[in-house]
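Student: Right, I'll just put the structure down here and ask away after.
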Amino acid sequence: MAREDYFKWAESVLDPSKTFEKPEALADIKIVELCTLILGPSLPSYLSELGATVFKVELPGMGDTMRSLTPFAKFFNGAALGWLKEARNKYHLAIDVRVPEGVELFKELVKRSDVVVENLRAGTMDKWGIGYRQLREINPRIIYIALNGFGQWGPYLERPSYDAIAQSESGEAWISGFPDKLPMKAGIWLADYYGGLVGAIGVLAALAHRDRTGRGQYIEYSQAENLMRAMDWTWLYQHFTGKCRERYGNRDVSICPADIVPSKDGEMVAIGAATDKQFQGLCQAMGKPELAQDPRFATHLERLKEENAVELLSLIRNWVAGKTYAEIDQLAGQYGFGAQKVSNGKDHFEDEHLRKRNFTYYVDDPIYGELYEEGIAPKLSETPGRIKWAGKPVGFDNEYVLKRFLGLKTKKIKYLKEKNIIGKWVDVPPGRKPPQNWDGKSGVLLV
Amino acid sequence: MEKELSWGDWIRELDDPAKNREKPEALDHITVLDVSYANMAGCFCTSTLAEFGANVIRIEPPGGDPARTFSPWGYMHKGTGLGYLNEGRNKFHVTLNLECEEGQEIFRKLAKRADVVVETFLPGTMDAWGIGYRQLKELNPRLIYCALYTYGQFGPKAACGKADVDVVDQAYSGVVSVSGEPPEDPQNPKPSEVPTKQGNWMGWYAGGAWASVAILAALHYRVQSGKGQFIDVSPAEAYGRCINYGINYYYGFKDTIPRVGNYDVGVFPYTYFKCKDGFAFLSGFADPNWKALCTIINRPDLQQQFPTIFERLNVDNMKIMYKEIEKWTMEHTYDEIFDAVMDYNKNIGQGVVVPGRISSPMDTMKAENWWVRMALETIDDPHYGEVTIANHAHKMTETPPRVKWICRPVGADNYYVYAKMLGYGPKRLEELKEKGVV
């Protein structure tokens with residue numbers, strides 16, 4: 001009863017349907033983004049969900065290479081799905097920052113902003129006259145983060161990088177996958193998305209410092225180093241034992257039991273018990289409560305020993321093979337161990353729980369139409385996260401931003417267009433222009 | 001004079017982590033109570049806040065957190081498992097029995113003066129103990145309270161009662177469904193050709209990272225509004241937010257993204273190849289980059305055969321191109337491949353090919369780069385001795401993160417923290433200990 005009351009209360013304070021009645025945590029923060037692909041763009045995308053105003057600056061015409069990244073070259077209403085997911089909530093500007101008048105516009109934006117995010121090769125921004133060295137002169141409060149593969153100095157300075165290289169050079173790929181297979185690259189751009197996420201922690205920590213002192217700062221950030229920080233016990237294990245951490249498939253050699261095994265109805269089911277109590281529950285569910293008393297399994301440290309772990313995981317594998325996922329799911333709730341089938345995009349789309357929680361998020365976009373995408377991760381009671389629009393074609397918001405935020409005169413904007421300092425999309429390759437059925441005005445601000 | 005320095009030299013002067021300890025900390029005005037239980041998402045969140053300077057009080061049950069046993073094959077170092085040891089950073093470790101009334105009363109006193117609470121119990125547990133956000137906000141309206149759980153604090157599955165374990169978070173996130181090798185022979189799939197999780201606790205790390213982002217955003221909001229708030233983070237959703245595409249692909253094309261091993265359904269080539277002495281990563285996706293790769297391996301015919309991304313993103317074509325490229329990589333060592341590619345990038349430079357090594361973590365630990373940049377560091381801990389850790393990646397000019405100590409034994413800071421926060425001396429603590437409260 002008390003718990004029912006708790007869930008009622010929790011839902012009332014977190015209810016996503018009330019999102020737009022509430023303020024945003026970062027409503028006072030403006031971010032200028034000069035980024036390509038995912039590592040850079042994901043960071044302002046996360047902060048935009050919490051209310052930051054983001055000016056995404058691209059080069060006129062082709063814009064961000066990310067506008068081409070879509071599975072099997074399939075475009076959704078003219079947009080690449082990889083791009084679309086991180087284009088949310090941003091103002092999309094196209095400015096040629098390689099020429100002096102473009103540089104001036106960029107600087108005017110930075111003067112009025114709080115954060116700069118870039119992921120170009122080390123020193124590129126400096127060479128263009130819009131690096132931290134120059135920008136801190138015009139805005140000492142600026143928080144500037146530069147994200148890339150290997151940082152701004154050091155032995156790997158000359159090396160270009162990608163997500164997959166961060167995954168491989170950190171050792172993350174080596175410790176993932178099965179022993180009889182190649183090191184496994186995650187099926188997602190892990191070092192990019194998780195890199196942008198932890199990068200955002202640095203920006204917000206810097207903001208906390210600025211809130212107290214008024215001082216901005218520079219943050220240098222390597223995505224490979226970030227993955228190394230997430231590799232839990234790897235470095236201590238190697239330090240103490242001198243042995244290399246290898247890959248062990250789906251079992252977790254540091255928590256037992258924890259594995260992913262097939263059920264009777266063909267689902268792959270993750271099973272885990274992280275405490276003795278959870279393990280005792282699992283044993284009861286299996287109809288073998290005596291296992292929890294067995295000296296080989298009675299304590300976690302005993303369960304973790306290789307021979308005991310292999311034995312226990314094999315018992316669990318056999319048990320799961322004889323049950324449907326629905327049966328296991330029910331037992332896991334009743335007895336308090338962890339169980340979850342491996343879920344995919346269809347499962348997420350159909351999952352009422354995730355919809356209710358605004359993870360599976362519905363967007364009614366004025367340009368790209370209705371769509372669903374991975375939405376909001378943290379739920380905040382006072383300042384809930386939200387998606388306002390999905391994305392825009394190259395240079396779509398030029399006029400609005402230059403007028404509203406920089407106060408440029410219409411004549412000046414026209415001049416900048418004629419000189420190709422600002423510009424819009426090209427028709428080819430796909431992913432840059434508005435969708436075919438666009439009416440020429442939907443989504444245009446300040447018509 | 002300053003302007004004459006190259007960019008790299010100039011910025012290194014300002015952000016070299018070797019000077020971290022001379023600089024202030026971003027969060028040293030913030031006190032955090034961490035009551036995560038058997039859950040490394042909570043521990044990573046508070047480690048992160050502690051690395052940026054927060055005063056984190058880690059509260060364990062009197063017997064210690066079961067997470068202290070999370071360690072490969074049960075390897076223990078001075079009584080603590082390696083997974084936990086790694087995330088004890090900069091925290092003060094105290095014990096407190098939250099299941100008894102006296103313990104709850106003490107917790108209320110601590111929370112009254114704290115800025116942040118992080119917990120990972122089943123939803124409603126803290127509330128039932130009278131120390132959930134609902135009760136604490138009455139005592140401390142500025143409190144930011146973050147609860148982490150696989151299925152969150154509301155929604156149809158929130159009350160399911162299932163446990164939060166990293167493997168479960170990874171499975172629910174959607175990432176596992178697109179990771180791992182597809183069966184080579186669908187009639188006879190091998191046990192290793194299945195959806196595959198990341199080897200590390202990636203679900204928990206993503207959960208902890210999102211919790212940190214949300215807490216810091218809430219702190220910023222509090223500066224102006226004076227208001228605290230309640231934060232609900234599911235590590236499964238946190239990790240799922242990191243997916244390339246999944247829901248939008250299903251909505252748009254009524255299909256799911258397949259598992260394609262080390263290929264990428266949106267980019268090719270962008271994968272690991274076997275070479276003479278190991279594995280190399282090579283890429284060449286956009287048309288000019290693909291042309292560059294074909295030039296380097298001297299296969300202009302491949303470029304003509306698969307001229308646009310539309311040909312290159314067909315999985316059957318990927319297999320053909322992969323085999324052809326591998327013929328070249330197999331004839332070379334990794335260093336030869338790296339030099340050939342970098343030489344092209346430097347001297348011809350039409351399009352860019354990006355090379356990389358598939359490194360074992362032992363080789364990673366031997367590479368000088370990470371030590372120069374202090375991504376890896378060996379520190380001397382007052383209790384645990386010499387240990388090697390990975391630092392947070394941020395190098396910062398004003399308030400960089402740092403690791404001051406790695407962990408503390410169970411209850412090691414009881415005397416310090418309880419004296420400082422509540423004025424309890426040794427006699428009072430001894431009484432509480434006898435009653436099983438600390």
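By order in the structure tokens, chains are A, B, ...; within a chain, residues start at 1; ligands start at 1, following the order shown.
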Pick out the residues sitting within 12 Å of region 428-436 of chain B, and hand them over as a PyMOL selection string; count only C-alpha atoms, and ignore anything fewer than 2 positions along from it in its own chain.
Tutor: chain B and resi 61-63+94-103+106+411+413-419+422-426+438
Student: Would you put the residues from that selection into a file with N, CA, C and O atoms, as a short mmCIF file (atom, residue, chain, number, x, y, z; two decimals), in the first residue's frame?
Tutor:
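File produced: result.cif:
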```cif
data_model
loop_
_atom_site.label_atom_id
_atom_site.label_comp_id
_atom_site.auth_asym_id
_atom_site.auth_seq_id
_atom_site.Cartn_x
_atom_site.Cartn_y
_atom_site.Cartn_z
N PRO B 61 25.98 -0.10 4.38
CA PRO B 61 25.46 -0.80 5.56
C PRO B 61 26.64 -1.26 6.42
O PRO B 61 27.75 -1.39 5.90
N PRO B 62 26.43 -1.47 7.71
CA PRO B 62 27.55 -1.80 8.60
C PRO B 62 28.42 -2.96 8.10
O PRO B 62 29.62 -2.97 8.33
N GLY B 63 27.87 -3.90 7.38
CA GLY B 63 28.69 -5.00 6.86
C GLY B 63 29.42 -4.66 5.56
O GLY B 63 30.14 -5.49 5.02
N VAL B 94 31.57 5.90 5.20
CA VAL B 94 31.00 5.67 6.53
C VAL B 94 29.97 4.54 6.46
O VAL B 94 29.52 4.17 5.38
N THR B 95 29.63 4.01 7.64
CA THR B 95 28.59 2.99 7.69
C THR B 95 27.38 3.56 8.40
O THR B 95 27.50 4.42 9.29
N LEU B 96 26.21 3.10 8.00
CA LEU B 96 24.96 3.51 8.65
C LEU B 96 23.87 2.50 8.27
O LEU B 96 23.71 2.17 7.10
N ASN B 97 23.17 2.04 9.28
CA ASN B 97 22.09 1.08 9.04
C ASN B 97 20.79 1.84 8.78
O ASN B 97 20.14 2.34 9.71
N LEU B 98 20.41 1.91 7.51
CA LEU B 98 19.22 2.70 7.15
C LEU B 98 17.93 1.96 7.45
O LEU B 98 16.84 2.53 7.32
N GLU B 99 18.05 0.69 7.85
CA GLU B 99 16.82 -0.07 8.11
C GLU B 99 16.31 0.12 9.53
O GLU B 99 15.20 -0.29 9.84
N CYS B 100 17.13 0.73 10.40
CA CYS B 100 16.63 0.97 11.76
C CYS B 100 16.31 2.46 11.94
O CYS B 100 16.85 3.32 11.25
N GLU B 101 15.44 2.73 12.89
CA GLU B 101 14.96 4.10 13.06
C GLU B 101 16.07 5.09 13.40
O GLU B 101 16.07 6.21 12.91
N GLU B 102 16.98 4.63 14.23
CA GLU B 102 18.05 5.53 14.64
C GLU B 102 18.94 5.89 13.44
O GLU B 102 19.39 7.02 13.30
N GLY B 103 19.17 4.89 12.61
CA GLY B 103 19.96 5.13 11.40
C GLY B 103 19.25 6.12 10.47
O GLY B 103 19.87 7.00 9.88
N ILE B 106 19.60 9.61 11.79
CA ILE B 106 20.93 10.16 11.50
C ILE B 106 21.03 10.57 10.03
O ILE B 106 21.56 11.62 9.68
N GLY B 411 33.62 1.83 6.62
CA GLY B 411 33.52 2.61 7.86
C GLY B 411 34.79 3.36 8.25
O GLY B 411 34.88 3.89 9.37
N ASP B 413 35.94 6.20 7.68
CA ASP B 413 35.85 7.63 7.99
C ASP B 413 34.72 7.95 8.97
O ASP B 413 34.32 9.11 9.08
N ASN B 414 34.22 6.94 9.65
CA ASN B 414 33.13 7.17 10.61
C ASN B 414 33.49 8.26 11.61
O ASN B 414 32.70 9.19 11.85
N TYR B 415 34.68 8.16 12.20
CA TYR B 415 35.04 9.12 13.24
C TYR B 415 35.11 10.54 12.68
O TYR B 415 34.56 11.48 13.25
N TYR B 416 35.74 10.67 11.53
CA TYR B 416 35.92 12.00 10.94
C TYR B 416 34.57 12.61 10.55
O TYR B 416 34.23 13.73 10.95
N VAL B 417 33.80 11.86 9.77
CA VAL B 417 32.57 12.43 9.22
C VAL B 417 31.52 12.69 10.30
O VAL B 417 30.90 13.76 10.34
N TYR B 418 31.33 11.74 11.20
CA TYR B 418 30.30 11.93 12.23
C TYR B 418 30.69 13.02 13.22
O TYR B 418 29.83 13.74 13.74
N ALA B 419 31.99 13.16 13.46
CA ALA B 419 32.41 14.25 14.35
C ALA B 419 32.20 15.59 13.66
O ALA B 419 31.66 16.55 14.23
N LEU B 422 28.10 15.90 12.75
CA LEU B 422 27.10 15.78 13.81
C LEU B 422 27.67 15.94 15.21
O LEU B 422 26.92 15.87 16.19
N GLY B 423 28.97 16.09 15.32
CA GLY B 423 29.57 16.25 16.63
C GLY B 423 29.62 14.99 17.47
O GLY B 423 29.74 15.05 18.69
N TYR B 424 29.51 13.81 16.83
CA TYR B 424 29.58 12.56 17.59
C TYR B 424 31.03 12.22 17.89
O TYR B 424 31.85 12.14 16.98
N GLY B 425 31.35 11.99 19.14
CA GLY B 425 32.69 11.56 19.52
C GLY B 425 32.78 10.05 19.59
O GLY B 425 31.80 9.35 19.34
N PRO B 426 33.96 9.53 19.98
CA PRO B 426 34.18 8.08 20.02
C PRO B 426 33.18 7.34 20.91
O PRO B 426 32.77 6.23 20.59
N VAL B 438 25.80 1.85 13.25
CA VAL B 438 26.90 2.16 12.32
C VAL B 438 27.83 0.95 12.17
O VAL B 438 27.72 0.00 12.94
#
```
Student: Could you pull the residues within 12 Å of region 103-110 of chain A, counting only C-alpha atoms, minus those fewer than 4 positions along the same chain, as a PyMOL selection string?
Tutor: chain A and resi 29-34+53-59+93-99+114-117+125-132+134-144+398+401-408+412-413+416+421-422
Student: I'd like to know which residues of region 139-352 of chain B are helix (DSSP H, G or I) (by DSSP, run on the backbone); could you write them as a PyMOL selection string?
Tutor: chain B and resi 139+166-173+176-178+202-225+235-240+247-253+287-296+300-305+309-312+315-330+334-347
Student: Any idea what the distance is between CA of Gly187 (chain A) and CA of Lys74 (chain A)?
Tutor: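 Between CA of Gly187 (chain A) and CA of Lys74 (chain A) the gap works out to 17.9 Å.
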Student: Tell me, as a list of chain:residue names, which residues lie within 12 Å of Lys157 (chain B), counting only C-alpha atoms; anything in the same chain fewer than 3 positions away does not count.
Tutor: A:Phe7, A:Asp329, A:Gln330, A:Gly333, A:Gln340, A:Asp351, A:Glu352, A:His353, A:Leu354, A:Arg355, A:Lys356, A:Arg357, B:Leu122, B:Pro123, B:Tyr149, B:Thr150, B:Tyr151, B:Gly152, B:Gln153, B:Phe154, B:Cys160, B:Gly161, B:Lys162, B:Ala163, B:Ser234
Student: Suppose we keep N, CA and C atoms; can you now write the selection as a short mmCIF file (atom, residue, chain, number, x, y, z; two decimals), in the first residue's frame?
Tutor:
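And here is the file that came out, selection.cif:
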```
data_model
loop_
_atom_site.label_atom_id
_atom_site.label_comp_id
_atom_site.auth_asym_id
_atom_site.auth_seq_id
_atom_site.Cartn_x
_atom_site.Cartn_y
_atom_site.Cartn_z
N PHE A 7 4.50 5.21 -5.80
CA PHE A 7 4.51 5.28 -7.27
C PHE A 7 3.54 6.35 -7.78
N ASP A 329 10.34 -13.54 -16.71
CA ASP A 329 10.07 -12.15 -16.36
C ASP A 329 9.21 -12.10 -15.09
N GLN A 330 8.20 -12.94 -15.07
CA GLN A 330 7.28 -12.95 -13.92
C GLN A 330 8.02 -13.42 -12.66
N GLY A 333 10.43 -10.78 -11.17
CA GLY A 333 9.73 -9.77 -10.37
C GLY A 333 9.36 -10.33 -9.00
N GLN A 340 15.99 -9.69 -18.20
CA GLN A 340 15.48 -8.79 -19.23
C GLN A 340 15.86 -9.36 -20.59
N ASP A 351 7.00 -0.56 -26.56
CA ASP A 351 7.03 -0.69 -25.09
C ASP A 351 6.27 0.47 -24.43
N GLU A 352 5.12 0.15 -23.84
CA GLU A 352 4.29 1.18 -23.19
C GLU A 352 5.04 1.89 -22.07
N HIS A 353 5.87 1.12 -21.39
CA HIS A 353 6.64 1.68 -20.27
C HIS A 353 7.58 2.79 -20.78
N LEU A 354 8.32 2.49 -21.83
CA LEU A 354 9.28 3.47 -22.35
C LEU A 354 8.58 4.67 -22.98
N ARG A 355 7.38 4.44 -23.54
CA ARG A 355 6.62 5.57 -24.09
C ARG A 355 6.15 6.49 -22.99
N LYS A 356 5.63 5.85 -21.95
CA LYS A 356 5.13 6.62 -20.81
C LYS A 356 6.25 7.50 -20.23
N ARG A 357 7.49 6.98 -20.30
CA ARG A 357 8.62 7.66 -19.68
C ARG A 357 9.34 8.63 -20.63
N LEU B 122 15.53 -0.47 -4.78
CA LEU B 122 14.29 -0.64 -5.52
C LEU B 122 13.41 0.57 -5.22
N PRO B 123 12.66 1.06 -6.22
CA PRO B 123 11.86 2.27 -6.03
C PRO B 123 10.94 2.13 -4.81
N TYR B 149 17.53 3.34 -11.28
CA TYR B 149 16.98 1.98 -11.32
C TYR B 149 16.63 1.64 -12.77
N THR B 150 16.90 0.41 -13.16
CA THR B 150 16.67 -0.05 -14.55
C THR B 150 15.33 0.42 -15.12
N TYR B 151 14.27 0.28 -14.35
CA TYR B 151 12.94 0.59 -14.87
C TYR B 151 12.40 1.91 -14.33
N GLY B 152 13.24 2.67 -13.64
CA GLY B 152 12.85 4.01 -13.24
C GLY B 152 11.87 4.03 -12.07
N GLN B 153 11.42 5.25 -11.73
CA GLN B 153 10.57 5.45 -10.55
C GLN B 153 9.08 5.52 -10.90
N PHE B 154 8.74 5.53 -12.18
CA PHE B 154 7.32 5.50 -12.55
C PHE B 154 7.20 4.83 -13.91
N CYS B 160 8.00 -3.49 -10.88
CA CYS B 160 8.11 -4.92 -11.21
C CYS B 160 8.92 -5.70 -10.18
N GLY B 161 9.84 -5.05 -9.49
CA GLY B 161 10.60 -5.75 -8.46
C GLY B 161 11.86 -6.46 -8.94
N LYS B 162 12.13 -6.42 -10.24
CA LYS B 162 13.34 -7.07 -10.76
C LYS B 162 14.58 -6.26 -10.36
N ALA B 163 15.71 -6.96 -10.25
CA ALA B 163 16.93 -6.29 -9.79
C ALA B 163 17.62 -5.56 -10.93
N SER B 234 17.19 5.88 -15.42
CA SER B 234 17.29 4.45 -15.71
C SER B 234 18.60 4.22 -16.47
#
```
Student: Select from region 213-237 of chain A every residue with an atom at most 12 Å from any atom of region 14-27 of chain B, then for each give the shortest pair of atoms and their distance in Å to one decimal, using only C-alpha atoms, rows by chain and rising number, as CSV.
Tutor:
```
residue,atom,partner,partner_atom,distance
A:Thr213,CA,B:Ala26,CA,10.0
A:Arg215,CA,B:Ala26,CA,11.1
A:Gly216,CA,B:Ala26,CA,11.4
A:Gln217,CA,B:Asp15,CA,9.7
A:Tyr218,CA,B:Asp15,CA,7.8
A:Ile219,CA,B:Asp15,CA,7.9
A:Glu220,CA,B:Asp15,CA,7.7
A:Tyr221,CA,B:Asp15,CA,10.7
```
Student: Name the closest residue to Phe92 (chain B) among the candidates B:Asp166, B:Arg408, B:Asp363, B:Leu376; distances are taken between atoms, counting only C-alpha atoms.
Tutor: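 Residue with the minimum atom-to-atom distance to Phe92 (chain B): B:Arg408.
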Student: What does the structure give for the distance between CA of Tyr334 (chain B) and CA of Lys276 (chain B), in Å to one decimal?
Tutor: 7.1 Å
Student: List as number ranges by chain the protein and nucleic acid residues near Ala340 (chain B), meaning an atom at most 12 Å away when only C-alpha atoms are counted, but skip any in the same chain fewer than 4 places from it.
Tutor: B: 282, 292-293, 295-298, 328-329, 332-336, 344-348, 353-355
Student: In Å to one decimal, how far is CA of Tyr37 (chain B) from CA of Asp381 (chain B)?
Tutor: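 Calculated distance between CA of Asp381 (chain B) and CA of Tyr37 (chain B) is 24.1 Å.
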Student: What's the 7 Å shell around Ala393 (chain B), counting only C-alpha atoms, without same-chain residues fewer than 2 positions away, as a list in words?
Tutor: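 Result of the neighbour search: Tyr221, Ser222, Glu225 and Asn226 of chain A; Ala375, Asn391 and Lys395 of chain B.
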Student: Pull all heavy atoms from the residues just selected and write them as an mmCIF file, in the first residue's frame.
Tutor:
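The new file part.cif reads:
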```cif
data_model
loop_
_atom_site.group_PDB
_atom_site.id
_atom_site.type_symbol
_atom_site.label_atom_id
_atom_site.label_comp_id
_atom_site.auth_asym_id
_atom_site.auth_seq_id
_atom_site.Cartn_x
_atom_site.Cartn_y
_atom_site.Cartn_z
ATOM 1 N N TYR A 221 39.604 17.304 -24.490
ATOM 2 C CA TYR A 221 38.891 16.051 -24.232
ATOM 3 C C TYR A 221 39.181 15.013 -25.301
ATOM 4 O O TYR A 221 38.935 15.241 -26.484
ATOM 5 C CB TYR A 221 37.399 16.379 -24.190
ATOM 6 C CG TYR A 221 36.543 15.257 -23.724
ATOM 7 C CD1 TYR A 221 36.317 15.059 -22.369
ATOM 8 C CD2 TYR A 221 35.955 14.389 -24.622
ATOM 9 C CE1 TYR A 221 35.529 14.027 -21.927
ATOM 10 C CE2 TYR A 221 35.165 13.350 -24.190
ATOM 11 C CZ TYR A 221 34.948 13.182 -22.836
ATOM 12 O OH TYR A 221 34.155 12.161 -22.403
ATOM 13 N N SER A 222 39.720 13.864 -24.872
ATOM 14 C CA SER A 222 40.008 12.767 -25.802
ATOM 15 C C SER A 222 38.999 11.643 -25.598
ATOM 16 O O SER A 222 38.822 11.152 -24.475
ATOM 17 C CB SER A 222 41.418 12.228 -25.540
ATOM 18 O OG SER A 222 41.482 10.829 -25.778
ATOM 19 N N GLU A 225 40.575 8.365 -24.234
ATOM 20 C CA GLU A 225 40.838 8.427 -22.797
ATOM 21 C C GLU A 225 39.549 8.255 -22.006
ATOM 22 O O GLU A 225 39.526 7.642 -20.939
ATOM 23 C CB GLU A 225 41.523 9.754 -22.449
ATOM 24 C CG GLU A 225 42.933 9.842 -23.015
ATOM 25 C CD GLU A 225 43.565 11.224 -22.892
ATOM 26 O OE1 GLU A 225 43.059 12.073 -22.141
ATOM 27 O OE2 GLU A 225 44.589 11.453 -23.577
ATOM 28 N N ASN A 226 38.464 8.798 -22.539
ATOM 29 C CA ASN A 226 37.185 8.674 -21.842
ATOM 30 C C ASN A 226 36.735 7.223 -21.747
ATOM 31 O O ASN A 226 36.216 6.794 -20.714
ATOM 32 C CB ASN A 226 36.118 9.508 -22.546
ATOM 33 C CG ASN A 226 34.768 9.391 -21.876
ATOM 34 O OD1 ASN A 226 34.659 9.580 -20.664
ATOM 35 N ND2 ASN A 226 33.744 9.033 -22.622
ATOM 36 N N ALA B 375 46.255 10.017 -18.825
ATOM 37 C CA ALA B 375 45.009 9.262 -18.929
ATOM 38 C C ALA B 375 45.129 8.085 -17.969
ATOM 39 O O ALA B 375 44.164 7.696 -17.307
ATOM 40 C CB ALA B 375 44.804 8.774 -20.358
ATOM 41 N N ASN B 391 42.233 8.204 -15.356
ATOM 42 C CA ASN B 391 41.633 9.472 -14.945
ATOM 43 C C ASN B 391 40.493 9.856 -15.880
ATOM 44 O O ASN B 391 40.421 9.388 -17.014
ATOM 45 C CB ASN B 391 42.680 10.585 -15.001
ATOM 46 C CG ASN B 391 43.575 10.597 -13.786
ATOM 47 O OD1 ASN B 391 43.100 10.638 -12.653
ATOM 48 N ND2 ASN B 391 44.876 10.535 -14.002
ATOM 49 N N LYS B 395 40.957 17.585 -19.560
ATOM 50 C CA LYS B 395 42.055 18.444 -19.103
ATOM 51 C C LYS B 395 41.460 19.854 -19.082
ATOM 52 O O LYS B 395 40.912 20.310 -20.087
ATOM 53 C CB LYS B 395 43.239 18.424 -20.077
ATOM 54 C CG LYS B 395 43.505 17.110 -20.791
ATOM 55 C CD LYS B 395 44.360 16.151 -20.004
ATOM 56 C CE LYS B 395 44.697 14.917 -20.812
ATOM 57 N NZ LYS B 395 44.068 13.696 -20.235
#
```
Student: Counting only C-alpha atoms, which of A:Lys181, A:Lys305, A:Lys277, A:Lys264 gets nearest to Glu246 (chain A)?
Tutor: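 The answer is A:Lys181, which sits nearest to Glu246 (chain A).
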Student: Give me the residues near region 137-148 of chain B as a ChimeraX atom specification, where near means some atom within 6 Å (using only C-alpha atoms) and where sequence neighbours in that chain fewer than 4 positions away do not count.
Tutor: /B:112,115-120,133,227-234
Student: Using only C-alpha atoms, can you tell me which of A:Trp233, A:Phe279, A:Phe297, A:Trp389 comes closest to chain B?
Tutor: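 Residue with the minimum atom-to-atom distance to chain B: A:Trp233.
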Student: Which neighbours of region 307-321 of chain A fall inside 9 Å, counting only C-alpha atoms, when residues of the same chain fewer than 5 positions from it are skipped, and could you give them as a VMD selection string?
Tutor: (chain A and resid 251 253 256 to 266 269 271 286 296 to 297 302 328) or (chain B and resid 73)
Student: Convert the current residue selection to file output with N, CA and C atoms, as a JSON list (two decimals), in the first residue's frame.
Tutor:
```
[["chain", "number", "residue", "atom", "x", "y", "z"],
["A", 251, "ARG", "N", 29.20, -13.39, -20.40],
["A", 251, "ARG", "CA", 29.23, -13.52, -18.94],
["A", 251, "ARG", "C", 30.07, -12.40, -18.34],
["A", 253, "VAL", "N", 32.63, -11.69, -15.56],
["A", 253, "VAL", "CA", 33.49, -12.47, -14.66],
["A", 253, "VAL", "C", 33.66, -11.80, -13.30],
["A", 256, "CYS", "N", 28.58, -12.70, -10.42],
["A", 256, "CYS", "CA", 28.07, -14.03, -10.77],
["A", 256, "CYS", "C", 26.85, -14.36, -9.93],
["A", 257, "PRO", "N", 25.75, -14.80, -10.57],
["A", 257, "PRO", "CA", 25.62, -14.98, -12.02],
["A", 257, "PRO", "C", 25.26, -13.69, -12.76],
["A", 258, "ALA", "N", 25.79, -13.56, -13.97],
["A", 258, "ALA", "CA", 25.38, -12.52, -14.91],
["A", 258, "ALA", "C", 25.76, -13.01, -16.30],
["A", 259, "ASP", "N", 24.76, -13.22, -17.14],
["A", 259, "ASP", "CA", 25.00, -13.79, -18.47],
["A", 259, "ASP", "C", 23.78, -13.50, -19.35],
["A", 260, "ILE", "N", 23.91, -13.77, -20.64],
["A", 260, "ILE", "CA", 22.77, -13.63, -21.56],
["A", 260, "ILE", "C", 22.58, -14.97, -22.25],
["A", 261, "VAL", "N", 21.42, -15.60, -22.05],
["A", 261, "VAL", "CA", 21.20, -16.97, -22.53],
["A", 261, "VAL", "C", 19.84, -17.10, -23.20],
["A", 262, "PRO", "N", 19.71, -18.09, -24.12],
["A", 262, "PRO", "CA", 18.44, -18.22, -24.86],
["A", 262, "PRO", "C", 17.33, -18.87, -24.03],
["A", 263, "SER", "N", 16.10, -18.38, -24.22],
["A", 263, "SER", "CA", 14.93, -18.96, -23.54],
["A", 263, "SER", "C", 14.26, -19.95, -24.48],
["A", 264, "LYS", "N", 13.26, -20.63, -23.94],
["A", 264, "LYS", "CA", 12.53, -21.64, -24.71],
["A", 264, "LYS", "C", 11.89, -21.04, -25.96],
["A", 265, "ASP", "N", 11.41, -19.81, -25.84],
["A", 265, "ASP", "CA", 10.74, -19.19, -26.98],
["A", 265, "ASP", "C", 11.69, -18.33, -27.82],
["A", 266, "GLY", "N", 12.99, -18.62, -27.72],
["A", 266, "GLY", "CA", 13.92, -18.01, -28.67],
["A", 266, "GLY", "C", 14.37, -16.60, -28.36],
["A", 269, "VAL", "N", 18.00, -13.78, -23.15],
["A", 269, "VAL", "CA", 17.58, -13.20, -21.87],
["A", 269, "VAL", "C", 18.79, -12.94, -20.97],
["A", 271, "ILE", "N", 20.32, -12.49, -17.47],
["A", 271, "ILE", "CA", 19.99, -12.92, -16.11],
["A", 271, "ILE", "C", 21.11, -12.41, -15.21],
["A", 286, "MET", "N", 14.21, -21.00, -9.49],
["A", 286, "MET", "CA", 14.63, -22.18, -10.25],
["A", 286, "MET", "C", 14.12, -23.47, -9.61],
["A", 296, "ARG", "N", 29.73, -24.14, -2.74],
["A", 296, "ARG", "CA", 30.32, -23.59, -3.96],
["A", 296, "ARG", "C", 29.66, -22.27, -4.38],
["A", 297, "PHE", "N", 28.41, -22.08, -3.89],
["A", 297, "PHE", "CA", 27.64, -20.92, -4.37],
["A", 297, "PHE", "C", 27.15, -20.01, -3.24],
["A", 302, "GLU", "N", 32.73, -17.10, -3.57],
["A", 302, "GLU", "CA", 32.77, -18.51, -4.02],
["A", 302, "GLU", "C", 32.18, -18.65, -5.42],
["A", 328, "ILE", "N", 9.96, -16.25, -17.11],
["A", 328, "ILE", "CA", 11.14, -15.78, -16.39],
["A", 328, "ILE", "C", 10.94, -14.36, -15.87],
["B", 73, "TRP", "N", 36.84, -13.00, -10.92],
["B", 73, "TRP", "CA", 37.11, -14.27, -10.25],
["B", 73, "TRP", "C", 37.28, -14.11, -8.74]]
```
